[in-house]
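Reviewing the structure listed below.
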Amino acid sequence: MNSAGSSRPRNGFLRLLDIGVASAKLGLTSFGGPVAHLGYFRDEYVVKRKWLDERGYADLVALCQFLPGPASSQVGIGLGIIRSGLLGGVVAWLGFTLPSALAMALFALALHGTPVAQAGWLHGLKLVAVAIVAQAVLGMGRSLASDRPRATLAVAAAAFALLAPSAVTQVALIAAAGLFGAWRFRRTAEAQPEPVRVPVGRTAGVISLALFAALLVALPLLRQTAPGMGLTLADSFYRAGALVFGGGHVVLPMLEREIVPAGWVSPETFLAGYGAAQAVPGPLFTFAAYLGAAAAGGAGAALATAAVFLPGFLLVVGALPFWNALRTHARMQGALTGINAAVVGLLLAALYDPIWTSAVRTPADFAAAAVLFGLLVFWKLPPWAVVLTGAFLGWALSLGLV
């Protein structure tokens, strides 16, 4: 099968329209977080539209998991690029991202001036965050750290992340896990897959990677020499998107350390927004729209959203031209295995701090969080229903009804 599938429309505008319709549909209906998103993508793009075969899709998912940034969004961007070049990637990102970004920004604006610390239903959203992240740790642990070596790596990463909490620690752990995985988990390459045509040249890929690195270095310097809310937001959110592996849940500790100590939002407002993010479809990275809106209104929402997704977009553009060569590299596959195990550990650390320490303060809080976890894991309720239940439980707890 060729890269674009057998059903590609001939007209470039129709291709873009096709991508826009498909990605917007997913942006409006993809509840459940990054892992669930990949299942929705497979059903829409591989099974229904046949834009890529099963092996190609699995390898694209592996590539995007290896890159920093929002993995499910990067898979969608990559599919858009393979389908219709760079503009196809932009359209795919917009369709998948805008619905939840708008919803989160509006939620932040609606909360403006609300006494968040005293709002019982918002405390309930913090308890939802406990249940959601606990479910993510459980699910990712089963698939990415299911044997003794990988589980050990995950626990070690969690311990180091808690004992030395900083963005530098997180990056160092990811790098160390990748090096360890390249040695310990390297695999014998399987039969060569059919190459996928990528309509982006290696020169464009190198330029994109250079731009990614240049912004990572330049934004902090510009922030120091010309301080202002715009550059400060751009630097903080770009760095979060550039240095976080594992998707939306794992970005939480980095964003918390960037946003809350600076006084842009309170800890209560931060976790309330994270809980609300579980109720909307689309990528969890649109939590940035909520934080940007809470800090600087609509313009802040737009800037934060663009900044947090930009590094992931640049990395996909930079990696795709070299994708076919990387797909069967044994040490690269091993490095990805190690990084995935470390990501589980980082998420476990985030579950404790800041989520658990900020939300669970009484036995009643623990009981409510346990109920929400059970509804998610055992009763299989959709996240939006659990969010509503959490808001109700938080309201009831604040009134002493339970």
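We name chains A, B, ... following the order of the structure tokens; residues begin at 1 in each chain, and ligands are numbered from 1 as shown.
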
Residue neighbourhood region 369-378 of chain A, 9 Å, only C-alpha atoms, exclusion window fewer than 6 positions, as a PyMOL selection string:
chain A and resi 124+127-132+134-135+360+386-387+389-390

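Taking only C-alpha atoms, the non-local environment of Ala172 (chain A) within 12 Å (same-chain residues fewer than 2 positions away omitted) comprises A:Ala157, A:Phe160, A:Ala161, A:Ala164, A:Pro165, A:Ser166, A:Ala167, A:Val168, A:Thr169, A:Gln170, A:Ile174, A:Ala175, A:Ala176, A:Ala177, A:Gly178, A:Leu179, A:Leu243, A:Val244, A:Phe245, A:Ile339, A:Ala342, A:Leu346.
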
Under the rule of at most 8 Å, produce a per-residue listing of region 23-126 of chain A near region 280-304 of chain A: chain, number, name, the closest pair of atoms, and the distance in Å, as a Markdown table, using only C-alpha atoms.
```
| residue | atom | partner | partner_atom | distance |
| --- | --- | --- | --- | --- |
| A:Leu26 | CA | A:Gly282 | CA | 7.2 |
| A:Gly27 | CA | A:Gly282 | CA | 4.7 |
| A:Leu28 | CA | A:Pro281 | CA | 5.8 |
| A:Thr29 | CA | A:Pro281 | CA | 5.7 |
| A:Ser30 | CA | A:Pro281 | CA | 4.9 |
| A:Phe31 | CA | A:Pro281 | CA | 4.4 |
| A:Gly32 | CA | A:Pro281 | CA | 7.4 |
| A:Gly33 | CA | A:Leu284 | CA | 6.7 |
| A:Pro34 | CA | A:Pro283 | CA | 6.9 |
| A:His37 | CA | A:Gly282 | CA | 7.7 |
| A:Pro70 | CA | A:Phe285 | CA | 6.6 |
| A:Ser72 | CA | A:Pro283 | CA | 7.3 |
| A:Ser73 | CA | A:Pro283 | CA | 6.6 |
| A:Phe96 | CA | A:Gly282 | CA | 6.1 |
| A:Thr97 | CA | A:Gly282 | CA | 6.1 |
| A:Pro99 | CA | A:Gly282 | CA | 7.3 |
| A:Ser100 | CA | A:Gly282 | CA | 5.7 |
| A:Ala101 | CA | A:Thr286 | CA | 5.0 |
| A:Leu102 | CA | A:Ala289 | CA | 7.5 |
| A:Ala103 | CA | A:Val280 | CA | 7.4 |
| A:Met104 | CA | A:Tyr290 | CA | 4.9 |
| A:Ala105 | CA | A:Tyr290 | CA | 4.6 |
| A:Leu106 | CA | A:Tyr290 | CA | 7.7 |
| A:Phe107 | CA | A:Tyr290 | CA | 7.1 |
| A:Ala108 | CA | A:Tyr290 | CA | 5.3 |
| A:Leu109 | CA | A:Ala293 | CA | 6.5 |
| A:His112 | CA | A:Ala294 | CA | 7.1 |
```

What separation in Å, quoted to one decimal, exists between CA of Val21 (chain A) and CA of Ala71 (chain A)?
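Computed distance, CA of Val21 (chain A) to CA of Ala71 (chain A), equals 20.7 Å.
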
Spatial neighbours of Ala262 (chain A), max dist 12 Å, only C-alpha atoms, sep filter under 2 positions, as a list in words
Met229, Thr232, Leu233, Ser236, Leu255, Glu256, Arg257, Glu258, Ile259, Val260, Trp264, Val265, Ser266, Pro267 and Ala295 of chain A
